[in-house]
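A.B. asks: This is structure21.cif (mmCIF, C-alpha atoms).
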data_my_file
loop_
_atom_site.group_PDB
_atom_site.id
_atom_site.type_symbol
_atom_site.label_atom_id
_atom_site.label_comp_id
_atom_site.auth_asym_id
_atom_site.auth_seq_id
_atom_site.Cartn_x
_atom_site.Cartn_y
_atom_site.Cartn_z
ATOM 1 C CA MET A 30 82.153 224.512 179.471
ATOM 2 C CA PRO A 31 80.653 222.068 176.921
ATOM 3 C CA ASP A 32 78.631 223.501 174.038
ATOM 4 C CA PRO A 33 74.913 222.579 174.488
ATOM 5 C CA THR A 34 74.337 222.699 170.706
ATOM 6 C CA ALA A 35 77.058 220.182 169.932
ATOM 7 C CA VAL A 36 75.861 216.892 168.364
ATOM 8 C CA PRO A 37 77.210 213.817 170.168
ATOM 9 C CA THR A 38 79.289 211.544 168.002
ATOM 10 C CA ALA A 39 79.979 207.816 168.291
ATOM 11 C CA PRO A 40 83.383 206.843 169.589
ATOM 12 C CA ALA A 41 85.920 206.125 166.879
ATOM 13 C CA VAL A 42 86.518 202.475 166.065
ATOM 14 C CA PRO A 43 90.187 201.481 166.098
ATOM 15 C CA ALA A 44 91.588 200.674 162.684
ATOM 16 C CA ALA A 45 92.644 197.166 163.720
ATOM 17 C CA SER A 46 89.102 196.325 164.868
ATOM 18 C CA ALA A 47 87.595 197.625 161.636
ATOM 19 C CA VAL A 48 89.925 195.510 159.568
ATOM 20 C CA SER A 49 89.251 192.369 161.587
ATOM 21 C CA VAL A 50 85.476 192.785 161.249
ATOM 22 C CA ALA A 51 85.519 193.605 157.538
ATOM 23 C CA ALA A 52 87.925 190.854 156.486
ATOM 24 C CA PRO A 53 86.023 187.826 155.086
ATOM 25 C CA ALA A 54 86.749 184.462 156.604
ATOM 26 C CA ARG A 55 88.608 181.997 154.399
ATOM 27 C CA PRO A 56 89.421 178.314 154.847
ATOM 28 C CA HIS A 57 92.381 177.749 157.119
ATOM 29 C CA ALA A 58 95.697 177.199 155.371
ATOM 30 C CA TRP A 59 96.246 173.904 157.174
ATOM 31 C CA ARG A 60 92.987 172.537 155.739
ATOM 32 C CA THR A 61 94.099 173.444 152.231
ATOM 33 C CA ALA A 62 97.495 171.839 152.828
ATOM 34 C CA LEU A 63 95.820 168.710 154.188
ATOM 35 C CA LEU A 64 93.549 168.509 151.142
ATOM 36 C CA VAL A 65 96.456 168.888 148.720
ATOM 37 C CA GLY A 66 98.486 166.290 150.616
ATOM 38 C CA ALA A 67 95.629 163.791 150.660
ATOM 39 C CA CYS A 68 94.968 164.232 146.925
ATOM 40 C CA ALA A 69 98.684 163.875 146.196
ATOM 41 C CA ALA A 70 98.970 160.675 148.255
ATOM 42 C CA VAL A 71 95.893 159.040 146.735
ATOM 43 C CA GLY A 72 96.861 160.182 143.243
ATOM 44 C CA LEU A 73 100.407 158.861 143.609
ATOM 45 C CA VAL A 74 99.195 155.421 144.659
ATOM 46 C CA ALA A 75 96.639 155.343 141.839
ATOM 47 C CA SER A 76 99.252 156.507 139.337
ATOM 48 C CA LEU A 77 101.755 153.813 140.344
ATOM 49 C CA VAL A 78 99.058 151.133 140.110
ATOM 50 C CA SER A 79 97.925 152.413 136.708
ATOM 51 C CA LEU A 80 101.444 152.605 135.301
ATOM 52 C CA GLY A 81 102.257 149.146 136.624
ATOM 53 C CA PHE A 82 99.117 147.718 135.057
ATOM 54 C CA THR A 83 99.871 149.421 131.733
ATOM 55 C CA LEU A 84 103.440 148.119 131.794
ATOM 56 C CA GLU A 85 102.250 144.592 132.553
ATOM 57 C CA GLN A 86 99.672 144.642 129.768
ATOM 58 C CA THR A 87 101.837 146.224 127.067
ATOM 59 C CA GLY A 88 105.397 145.271 128.039
ATOM 60 C CA ALA A 89 106.528 148.628 126.672
ATOM 61 C CA ASP A 90 109.013 149.619 129.366
ATOM 62 C CA ASP A 91 111.579 150.671 126.717
ATOM 63 C CA SER A 92 109.071 152.519 124.522
ATOM 64 C CA PRO A 93 109.476 156.303 124.187
ATOM 65 C CA TRP A 94 105.686 156.567 124.352
ATOM 66 C CA PHE A 95 105.676 154.969 127.785
ATOM 67 C CA ALA A 96 108.360 157.400 128.982
ATOM 68 C CA LEU A 97 106.291 160.284 127.597
ATOM 69 C CA MET A 98 103.214 158.968 129.384
ATOM 70 C CA VAL A 99 105.068 158.841 132.706
ATOM 71 C CA ALA A 100 106.406 162.386 132.243
ATOM 72 C CA LEU A 101 102.967 163.781 131.349
ATOM 73 C CA ASP A 102 101.387 161.985 134.275
ATOM 74 C CA LEU A 103 103.833 163.660 136.654
ATOM 75 C CA LEU A 104 103.703 167.141 135.103
ATOM 76 C CA CYS A 105 99.914 167.286 134.740
ATOM 77 C CA GLY A 106 99.485 165.859 138.226
ATOM 78 C CA LEU A 107 101.670 168.576 139.717
ATOM 79 C CA LEU A 108 99.732 171.172 137.718
ATOM 80 C CA ALA A 109 96.403 169.950 139.115
ATOM 81 C CA LEU A 110 97.750 169.892 142.671
ATOM 82 C CA GLY A 111 99.019 173.430 142.193
ATOM 83 C CA LEU A 112 95.569 174.592 141.042
ATOM 84 C CA LEU A 113 93.756 172.828 143.874
ATOM 85 C CA PRO A 114 94.173 175.625 146.475
ATOM 86 C CA TRP A 115 92.410 178.058 144.128
ATOM 87 C CA VAL A 116 89.546 175.603 143.764
ATOM 88 C CA HIS A 117 89.312 175.046 147.516
ATOM 89 C CA ARG A 118 89.767 178.587 148.831
ATOM 90 C CA ARG A 119 88.258 180.684 146.031
ATOM 91 C CA SER A 120 86.006 178.243 144.109
ATOM 92 C CA SER A 121 87.882 179.231 140.947
ATOM 93 C CA TYR A 122 86.117 177.804 137.902
ATOM 94 C CA PRO A 123 89.127 178.117 135.520
ATOM 95 C CA ALA A 124 91.250 176.240 138.066
ATOM 96 C CA ALA A 125 88.597 173.506 138.243
ATOM 97 C CA VAL A 126 88.621 173.200 134.440
ATOM 98 C CA GLY A 127 92.411 172.976 134.528
ATOM 99 C CA CYS A 128 92.239 170.110 137.019
ATOM 100 C CA ALA A 129 89.646 168.328 134.868
ATOM 101 C CA VAL A 130 91.733 168.649 131.690
ATOM 102 C CA ALA A 131 94.930 167.567 133.477
ATOM 103 C CA SER A 132 93.229 164.398 134.713
ATOM 104 C CA GLY A 133 92.703 163.323 131.110
ATOM 105 C CA VAL A 134 96.368 162.370 130.811
ATOM 106 C CA SER A 135 97.321 162.054 134.473
ATOM 107 C CA VAL A 136 96.015 159.601 137.038
ATOM 108 C CA LEU A 137 97.956 161.622 139.621
ATOM 109 C CA ALA A 138 95.640 164.562 138.868
ATOM 110 C CA LEU A 139 92.436 162.525 139.174
ATOM 111 C CA PRO A 140 91.729 163.062 142.924
ATOM 112 C CA ALA A 141 92.171 166.832 142.500
ATOM 113 C CA ALA A 142 89.831 166.770 139.499
ATOM 114 C CA LEU A 143 87.171 164.820 141.397
ATOM 115 C CA TYR A 144 87.299 167.329 144.252
ATOM 116 C CA ALA A 145 87.079 170.208 141.755
ATOM 117 C CA ILE A 146 83.989 168.656 140.134
ATOM 118 C CA ALA A 147 82.250 168.330 143.500
ATOM 119 C CA ARG A 148 83.206 171.899 144.417
ATOM 120 C CA VAL A 149 81.799 173.287 141.174
ATOM 121 C CA ALA A 150 78.602 171.249 141.573
ATOM 122 C CA ILE A 151 78.027 172.843 144.997
ATOM 123 C CA VAL A 152 78.180 176.487 143.942
ATOM 124 C CA ASP A 153 77.907 176.787 140.156
ATOM 125 C CA ARG A 154 75.266 176.902 137.423
ATOM 126 C CA PRO A 155 74.187 173.860 135.360
ATOM 127 C CA THR A 156 75.694 175.313 132.159
ATOM 128 C CA ARG A 157 79.123 175.611 133.753
ATOM 129 C CA ILE A 158 78.813 172.109 135.208
ATOM 130 C CA ALA A 159 78.001 170.797 131.715
ATOM 131 C CA ALA A 160 81.037 172.622 130.289
ATOM 132 C CA LEU A 161 83.213 171.080 132.995
ATOM 133 C CA ALA A 162 81.834 167.638 132.120
ATOM 134 C CA ALA A 163 82.693 168.221 128.459
ATOM 135 C CA ALA A 164 86.244 169.208 129.408
ATOM 136 C CA PHE A 165 86.657 166.197 131.696
ATOM 137 C CA VAL A 166 85.321 163.636 129.213
ATOM 138 C CA GLY A 167 86.893 165.309 126.184
ATOM 139 C CA ALA A 168 90.349 165.311 127.757
ATOM 140 C CA ALA A 169 90.069 161.613 128.575
ATOM 141 C CA VAL A 170 88.968 160.718 125.036
ATOM 142 C CA ALA A 171 91.658 162.906 123.464
ATOM 143 C CA SER A 172 94.355 161.344 125.652
ATOM 144 C CA ASP A 173 93.570 157.983 124.038
ATOM 145 C CA ALA A 174 95.837 159.134 121.213
ATOM 146 C CA LEU A 175 98.723 159.051 123.696
ATOM 147 C CA TYR A 176 98.079 155.438 124.650
ATOM 148 C CA SER A 177 97.218 154.119 121.186
ATOM 149 C CA PRO A 178 100.866 153.623 120.043
ATOM 150 C CA LEU A 179 101.359 151.194 122.944
ATOM 151 C CA PRO A 180 100.631 147.550 122.113
ATOM 152 C CA GLY A 181 97.439 146.262 123.677
ATOM 153 C CA ALA A 182 96.062 149.750 124.389
ATOM 154 C CA GLU A 183 93.282 149.907 121.805
ATOM 155 C CA GLU A 184 90.088 150.672 123.712
ATOM 156 C CA PRO A 185 87.296 152.275 121.629
ATOM 157 C CA TRP A 186 86.870 156.005 122.233
ATOM 158 C CA TRP A 187 83.167 155.726 123.005
ATOM 159 C CA LEU A 188 83.881 153.236 125.811
ATOM 160 C CA ILE A 189 86.446 155.597 127.314
ATOM 161 C CA GLY A 190 83.900 158.407 127.093
ATOM 162 C CA LEU A 191 81.176 156.384 128.823
ATOM 163 C CA VAL A 192 83.459 155.246 131.632
ATOM 164 C CA THR A 193 84.767 158.788 132.158
ATOM 165 C CA LEU A 194 81.231 160.183 132.212
ATOM 166 C CA GLY A 195 80.311 157.618 134.857
ATOM 167 C CA VAL A 196 83.296 158.686 136.945
ATOM 168 C CA PHE A 197 82.224 162.331 136.555
ATOM 169 C CA CYS A 198 78.737 161.574 137.867
ATOM 170 C CA VAL A 199 80.033 160.375 141.261
ATOM 171 C CA PRO A 200 81.512 163.687 142.535
ATOM 172 C CA LEU A 201 78.738 165.522 140.692
ATOM 173 C CA ALA A 202 76.098 163.725 142.772
ATOM 174 C CA VAL A 203 78.048 164.424 145.970
ATOM 175 C CA GLY A 204 78.386 168.124 145.145
ATOM 176 C CA LEU A 205 74.727 168.527 144.191
ATOM 177 C CA ARG A 206 73.674 166.831 147.420
ATOM 178 C CA ILE A 207 75.837 169.144 149.521
ATOM 179 C CA GLY A 208 74.633 172.188 147.581
ATOM 180 C CA SER A 209 70.963 171.297 148.055
ATOM 181 C CA ARG A 210 71.440 170.801 151.790
ATOM 182 C CA ARG A 211 73.198 174.162 152.084
ATOM 183 C CA ALA A 212 70.348 175.831 150.180
ATOM 184 C CA VAL A 213 67.781 174.325 152.569
ATOM 185 C CA VAL A 214 69.765 175.446 155.617
ATOM 186 C CA ALA A 215 70.124 178.968 154.188
ATOM 187 C CA ALA A 216 66.384 179.158 153.459
ATOM 188 C CA LEU A 217 65.509 178.045 156.988
ATOM 189 C CA ALA A 218 67.952 180.553 158.457
ATOM 190 C CA GLY A 219 66.383 183.329 156.361
ATOM 191 C CA GLU A 220 62.886 182.399 157.494
ATOM 192 C CA ALA A 221 64.005 182.339 161.127
ATOM 193 C CA ALA A 222 65.626 185.783 160.795
ATOM 194 C CA ALA A 223 62.484 187.208 159.159
ATOM 195 C CA ALA A 224 60.278 185.811 161.946
ATOM 196 C CA ARG A 225 62.626 187.275 164.554
ATOM 197 C CA ARG A 226 62.420 190.709 162.950
ATOM 198 C CA GLU A 227 58.621 190.529 162.867
ATOM 199 C CA GLN A 228 58.504 189.673 166.567
ATOM 200 C CA GLU A 229 60.836 192.545 167.412
ATOM 201 C CA ALA A 230 58.677 194.952 165.404
ATOM 202 C CA LEU A 231 55.563 194.096 167.500
#
Can you present the structure in this file as structure tokens?

C.D. replies:
Amino acid sequence: MPDPTAVPTAPAVPAASAVSVAAPARPHAWRTALLVGACAAVGLVASLVSLGFTLEQTGADDSPWFALMVALDLLCGLLALGLLPWVHRRSSYPAAVGCAVASGVSVLALPAALYAIARVAIVDRPTRIAALAAAFVGAAVASDALYSPLPGAEEPWWLIGLVTLGVFCVPLAVGLRIGSRRAVVAALAGEAAAARREQEAL
């Protein structure tokens, strides 16, 4: 005979269901792989064009500096592509800075760096965006020391800085635009939820 004083309890939730509800959604792995592949393909084409142009202008195919430039382009490009999943899936700021610094000496890393800049502009504070800009421009200006031993590669540092800053502003504008639209959508969704709760309370 059931006890009349017993307090009814809710049915237990299976452990598998609890885990599936509590687990936060993350970007699909295939999207991350597609992003990395696209950045690698675009970066590889841009890197080959850049190296070919540099070789045509300087004629330094037998220079050890040119060989060093090719090696750094490849290594830093692979580093940026390796950091890209952390930028995409976790919005990692250190990984974004790493991509920005790597792009200073690697054209292969440039698409990953541009994506990282846009990603940071969507979710981060202005001070961190400014620090990322300093890293991006500073790495490009500092890498001029790598190109200076090559004949015909004597661009002034301030010109390199201005051009790099202009490049930075493109993904920055895209990221800020996306971030502002997301903020508007979130505000409208919050207002709609508040109005719904008020109607239910009546």

A.B. asks: Please measure the separation of atom CA of Leu137 of chain A and atom CA of Trp94 of chain A, giving the value in Å to one decimal.

C.D. replies: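 If I compute the distance from atom CA of Leu137 of chain A to atom CA of Trp94 of chain A, I get 17.8 Å.
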
A.B. asks: Each residue of segment 102-158 of chain A lying at most 8 Å from segment 204-227 of chain A should get a row with its shortest atom-to-atom pair and the distance in Å to one decimal, counting all atoms listed in the file; could you produce that, ordered by chain and increasing number, as CSV?

C.D. replies:
residue,atom,partner,partner_atom,distance
A:Ile146,CA,A:Gly204,CA,7.5
A:Ala147,CA,A:Gly204,CA,4.2
A:Arg148,CA,A:Gly204,CA,6.2
A:Val149,CA,A:Gly204,CA,7.4
A:Ala150,CA,A:Gly204,CA,4.8
A:Ile151,CA,A:Gly208,CA,4.3
A:Val152,CA,A:Gly208,CA,6.7

A.B. asks: I need the output of the PyMOL selection byres ((chain A and resi 71-78) around 6) for this file as number ranges by chain; which residues are they?

C.D. replies: A: 68-70, 79-81, 136-137, 140

A.B. asks: What does the distance between atom CA of Ala96 of chain A and atom CA of Leu188 of chain A come to in Å, to one decimal place?

C.D. replies: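 Pair atom CA of Ala96 of chain A / atom CA of Leu188 of chain A returns 25.0 Å.
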
A.B. asks: Quick one: of A:Ala168, A:Leu107, A:Ala138, A:Leu143, who's nearest to Val196 of chain A, counting all atoms listed in the file?

C.D. replies: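 The shortest atom-to-atom distance to Val196 of chain A comes from A:Leu143.
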
A.B. asks: Counting all atoms listed in the file, figure out which residue out of A:Tyr122, A:Cys198, A:Glu229, A:Leu108 gets nearest to Arg154 of chain A.

C.D. replies: A:Tyr122

A.B. asks: Considering all atoms listed in the file, can you say which of A:Gly167, A:Gly111, A:Pro123, A:Gly106 comes closest to Leu191 of chain A?

C.D. replies: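 Using all atoms listed in the file, the shortest distance to Leu191 of chain A belongs to A:Gly167.
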
A.B. asks: Taking all atoms listed in the file into account, which of A:Gly133, A:Ala230, A:Leu161, A:Asp102 comes nearest Ile189 of chain A?

C.D. replies: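 Smallest separation from Ile189 of chain A among the options: A:Gly133.
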
A.B. asks: Pick out the closest residue to Asp153 of chain A from this set: A:Ser135, A:Pro185, A:Trp59, A:Leu201. Count only C-alpha atoms.

C.D. replies: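 Among A:Ser135, A:Pro185, A:Trp59, A:Leu201, it is A:Leu201 that comes nearest to Asp153 of chain A.
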